[in-house]
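Colleague: Take a look at this one; I'll ask things after.
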Amino acid sequence: MKRVYNFSPGPSMLPLSVLEQAAAEMTDAYDSGQSVMEMSHRSADFTPIIEKTEAALRALMGIPANYTVLFLQGGASLQFSMIPLNLAAPEPGFPKKKATYVETGIWAKKAAEEGALYADVRVGASSHDRAYRVIPAPPLPDPEDAYYHITLNNTIVGTKWTDLPQTGSVPLVADISSCILSEPLEVSRFGILYAGAQKNLGPAGTTVVIIRDDLIGQAPAWTPRLLRYDIHAAEASRYNTPPCYGIYIIGLVLEWLKGLGGVPAIAELNRHKAALLYAYLDHSKRFHSPVEKSFRSLMNIPFSAAVEEPEQRAKLEARFIREAAQEGLVNLAGHRLIGGMRASIYNAMPLEGVQGLIDFMERFEQNWDRTS
Ligand SMILES: *Cc1c(COP(=O)(O)O)cnc(C)c1O
């Protein structure tokens, strides 16, 4: 069997044991004589699967009882629309409600732009002028804000929030797509948390939304039913057919995480993996991390080659990415808008993968000047 270390920002690696269990259960899951893919979403076979997945998520994240967990479709990107639609969009003839966004990266910017279709959006702070290498000082909320939106981990630029903004009674809403379950998080500080599954949870196609109950049921009457939190909550994520297989795999990933010791244990491993790579980058004369130390992500680590001349740098980085892939270290290219390299080291990336990358970088530095 061939397995690579996949440094993709998403979809990303899944634990091998999860894939093996899914393979073993592919044609007959839980003695049902069916694959989970074939099960009715309302059947007695599937109901315990979605319930177990939700219970495991609640236990691992410590989700309080006054929060509802939803398994939806449309990716994190559809939440960019659903949040303002449900919390800030007006009935006809009324003004849009206000919302504050902090622009800390490309996803945060997209969220704010989509939000402005349905909400009176104020971008209260942005680190755009510093190439998103820092998290800006958070603005105070407007007391009239329907919500205050942040992107907790910035997947493309490799930063994360360390101190949450103080928003008083304004609900704090966070995109946690690329950091869910990577470190402890105090759910009660938030009104809504949301994450596309394909980074730290499971396959693409499922989006997890964790929403405080008092925020459900505020959508204007014209909101499409499929985009209303109250409809999904009333039907326990089964208003229409949910992404059943994805929910099942998320359940297996959560079981795996529980077996490792839960969020505290994975957080310690994540800090160790990231510290190894950052220490290497900070000591290297050939590679460097562009991100200010106090804001560095544990999950997404961009880096570039220290070469002045842009064309030469691009050539060298292309060789790095190509030769790494030949050694089974794949998907190390930076985001298409930014270039350079990026190692995404989510929960399922083993320590050996990070060590393998560092070993490769050391060897690459030895032949830095070789013409390709
Ligand atoms: C990947 C990502 C998204 C986009 O997710 P989709 O599920 O593809 O819509 C949004 N926000 C963040 C922080 C991401 O990492």
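Naming works like this for the structure tokens: A, B, ... for the chains as they're shown, residue 1 at the start of each chain, ligands 1 onward in shown order.
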Would you list the contacts of Ala116 (chain A) as a PyMOL selection string, taking every protein, DNA or RNA residue within 10 Å and counting only C-alpha atoms, but skipping same-chain residues closer than 3 positions in sequence?

Modeller: chain A and resi 80-81+84+88-89+96+98-99+110-113+119-123

Colleague: Output the selection as a CSV table (one decimal), in the first residue's frame - N, CA and C atoms for each residue.

Modeller:
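Result file is selection06.csv:
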```csv
chain,number,residue,atom,x,y,z
A,80,PHE,N,-21.3,31.8,5.0
A,80,PHE,CA,-21.1,33.2,4.8
A,80,PHE,C,-22.4,33.9,4.4
A,81,SER,N,-23.3,33.1,3.8
A,81,SER,CA,-24.7,33.7,3.5
A,81,SER,C,-25.7,33.4,4.6
A,84,PRO,N,-25.6,36.0,7.8
A,84,PRO,CA,-26.3,37.3,7.7
A,84,PRO,C,-27.8,37.1,7.4
A,88,ALA,N,-29.4,38.9,10.4
A,88,ALA,CA,-29.3,40.4,10.1
A,88,ALA,C,-30.2,40.8,8.9
A,89,ALA,N,-30.7,39.9,8.1
A,89,ALA,CA,-31.5,40.3,7.0
A,89,ALA,C,-32.9,40.8,7.4
A,96,LYS,N,-31.4,46.7,6.8
A,96,LYS,CA,-30.5,45.6,7.2
A,96,LYS,C,-30.0,45.9,8.6
A,98,LYS,N,-27.0,45.7,11.5
A,98,LYS,CA,-25.6,45.9,11.5
A,98,LYS,C,-24.8,44.6,11.8
A,99,ALA,N,-23.6,44.5,11.3
A,99,ALA,CA,-22.7,43.5,11.7
A,99,ALA,C,-21.3,43.9,11.6
A,110,LYS,N,-14.0,37.3,2.1
A,110,LYS,CA,-15.1,36.7,1.4
A,110,LYS,C,-16.3,36.7,2.2
A,111,ALA,N,-16.2,36.3,3.5
A,111,ALA,CA,-17.3,36.3,4.4
A,111,ALA,C,-17.9,37.7,4.5
A,112,ALA,N,-17.1,38.7,4.6
A,112,ALA,CA,-17.6,40.1,4.8
A,112,ALA,C,-18.3,40.5,3.5
A,113,GLU,N,-17.8,40.2,2.4
A,113,GLU,CA,-18.4,40.6,1.1
A,113,GLU,C,-19.7,39.9,0.9
A,119,ALA,N,-26.6,42.1,5.3
A,119,ALA,CA,-26.4,42.8,6.5
A,119,ALA,C,-25.7,44.1,6.2
A,120,ASP,N,-25.8,45.1,7.1
A,120,ASP,CA,-25.2,46.4,7.0
A,120,ASP,C,-23.8,46.1,7.6
A,121,VAL,N,-22.8,45.7,6.8
A,121,VAL,CA,-21.5,45.3,7.3
A,121,VAL,C,-20.5,46.4,7.4
A,122,ARG,N,-19.9,46.4,8.6
A,122,ARG,CA,-18.8,47.3,8.8
A,122,ARG,C,-17.5,46.4,9.0
A,123,VAL,N,-16.5,46.7,8.2
A,123,VAL,CA,-15.2,46.0,8.4
A,123,VAL,C,-14.5,46.8,9.4
```

Colleague: Quick one: residues within 10 Å of ligand 1, with only C-alpha atoms and all ligand atoms, as a PyMOL selection string?

Modeller: chain A and resi 9-11+73-80+105-111+150-156+174-179+194-200+204-207+300

Colleague: Excluding Asn347 (chain A) and any residue of its chain fewer than 5 positions from it, enumerate the residues within 8 Å of it, using only C-alpha atoms, and give them as a PDB file with all heavy atoms, in the first residue's frame.

Modeller:
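Here's the written file part14.pdb:
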```pdb
ATOM      1  N   SER A 182      -8.626  21.452  17.107  1.00  0.00           N
ATOM      2  CA  SER A 182      -7.159  21.417  17.116  1.00  0.00           C
ATOM      3  C   SER A 182      -6.606  21.863  18.467  1.00  0.00           C
ATOM      4  O   SER A 182      -5.482  21.521  18.831  1.00  0.00           O
ATOM      5  CB  SER A 182      -6.589  22.311  16.019  1.00  0.00           C
ATOM      6  OG  SER A 182      -6.912  23.670  16.251  1.00  0.00           O
ATOM      7  N   ASN A 200     -10.408  19.330   9.248  1.00  0.00           N
ATOM      8  CA  ASN A 200     -10.047  18.625  10.481  1.00  0.00           C
ATOM      9  C   ASN A 200     -11.070  17.588  10.914  1.00  0.00           C
ATOM     10  O   ASN A 200     -10.923  17.005  11.982  1.00  0.00           O
ATOM     11  CB  ASN A 200      -9.852  19.654  11.611  1.00  0.00           C
ATOM     12  CG  ASN A 200      -8.455  19.575  12.194  1.00  0.00           C
ATOM     13  OD1 ASN A 200      -7.700  18.645  11.867  1.00  0.00           O
ATOM     14  ND2 ASN A 200      -8.103  20.502  13.040  1.00  0.00           N
ATOM     15  N   ILE A 266      -4.560  16.118  21.507  1.00  0.00           N
ATOM     16  CA  ILE A 266      -4.222  16.493  20.118  1.00  0.00           C
ATOM     17  C   ILE A 266      -3.626  17.895  20.098  1.00  0.00           C
ATOM     18  O   ILE A 266      -2.737  18.193  19.292  1.00  0.00           O
ATOM     19  CB  ILE A 266      -5.445  16.358  19.174  1.00  0.00           C
ATOM     20  CG1 ILE A 266      -4.985  16.222  17.704  1.00  0.00           C
ATOM     21  CG2 ILE A 266      -6.388  17.552  19.257  1.00  0.00           C
ATOM     22  CD1 ILE A 266      -4.519  14.911  17.289  1.00  0.00           C
ATOM     23  N   ASN A 270      -0.302  18.895  18.323  1.00  0.00           N
ATOM     24  CA  ASN A 270      -0.305  19.952  17.307  1.00  0.00           C
ATOM     25  C   ASN A 270       0.732  21.027  17.626  1.00  0.00           C
ATOM     26  O   ASN A 270       1.426  21.524  16.734  1.00  0.00           O
ATOM     27  CB  ASN A 270      -1.697  20.585  17.200  1.00  0.00           C
ATOM     28  CG  ASN A 270      -2.678  19.662  16.485  1.00  0.00           C
ATOM     29  OD1 ASN A 270      -2.291  18.819  15.684  1.00  0.00           O
ATOM     30  ND2 ASN A 270      -3.958  19.829  16.778  1.00  0.00           N
TER      31      ASN A 270
END
```

Colleague: Using only C-alpha atoms, determine which residues lie at most 12 Å from Ala55 (chain A), disregarding the query and same-chain residues fewer than 6 positions distant; provide the list as JSON, numbers by chain.

Modeller: {"A": [48, 49, 61, 62, 63, 64, 65, 68, 69, 70, 250, 251, 254, 255, 258]}

Colleague: With DSSP run on the backbone, what are the strand (DSSP E or B) residues within region 275-369 of chain A? I'd like them as a ChimeraX atom specification.

Modeller: /A:287-288,296,300-305,329-330,333,341-344

Colleague: Give me, as a ChimeraX atom specification, all polymer residues having an atom no more than 8 Å from region 12-28 of chain A, counting only C-alpha atoms and skipping those fewer than 4 positions away in the same chain.

Modeller: /A:5-8,32-36,198-200,202,249,252-253,256,346,348-349

Colleague: Would you mind listing what lies within 12 Å of Arg363 (chain A) as a PDB file with C-alpha atoms, in the first residue's frame, with only C-alpha atoms counted and same-chain residues fewer than 2 positions away left out?

Modeller:
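After the write, around_32.pdb holds the following:
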```
ATOM      1  CA  ARG A 286      17.262  29.409   3.217  1.00  0.00           C
ATOM      2  CA  PHE A 320      11.112  22.176  -4.036  1.00  0.00           C
ATOM      3  CA  GLU A 323      11.010  17.052  -5.487  1.00  0.00           C
ATOM      4  CA  ALA A 324       9.095  16.891  -2.203  1.00  0.00           C
ATOM      5  CA  GLU A 327       9.421  11.741  -1.822  1.00  0.00           C
ATOM      6  CA  GLY A 356       9.895  13.888   7.095  1.00  0.00           C
ATOM      7  CA  LEU A 357       9.290  17.371   5.723  1.00  0.00           C
ATOM      8  CA  ILE A 358      12.019  18.879   7.902  1.00  0.00           C
ATOM      9  CA  ASP A 359      14.489  16.149   6.854  1.00  0.00           C
ATOM     10  CA  PHE A 360      13.657  16.833   3.231  1.00  0.00           C
ATOM     11  CA  MET A 361      14.160  20.586   3.709  1.00  0.00           C
ATOM     12  CA  GLU A 365      19.225  23.151   1.480  1.00  0.00           C
ATOM     13  CA  GLN A 366      22.357  21.112   0.766  1.00  0.00           C
ATOM     14  CA  ASN A 367      21.630  21.272  -2.931  1.00  0.00           C
ATOM     15  CA  TRP A 368      20.184  24.729  -2.951  1.00  0.00           C
TER      16      TRP A 368
END
```

Colleague: List every residue of region 146-290 of chain A that DSSP, applied to the backbone of this structure, places in alpha helix (DSSP H), and write the result as a count of residues only.

Modeller: 45

Colleague: Taking into account only C-alpha atoms, which residue in the set A:Ala125, A:Ala275, A:Ala236, A:Ala56 is nearest to Gly259 (chain A)?

Modeller: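 That would be A:Ala56, the residue with the smallest distance to Gly259 (chain A).
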
Colleague: Which is closest to Asp369 (chain A) among A:Ser126, A:Gln312, A:Ser237, A:Ser169, if we use only C-alpha atoms?

Modeller: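 Closest to Asp369 (chain A) of all the choices is A:Gln312.
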
Colleague: Restricting the calculation to only C-alpha atoms, which member of A:Ile231, A:Leu117, A:Val4, A:Leu332 is positioned closest to Ala219 (chain A)?

Modeller: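 The shortest atom-to-atom distance to Ala219 (chain A) comes from A:Ile231.
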
Colleague: Report the distance between CA of Gly328 (chain A) and CA of Ala265 (chain A) in Å, rounded to one decimal place.

Modeller: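 These atoms are spaced 26.8 Å apart.
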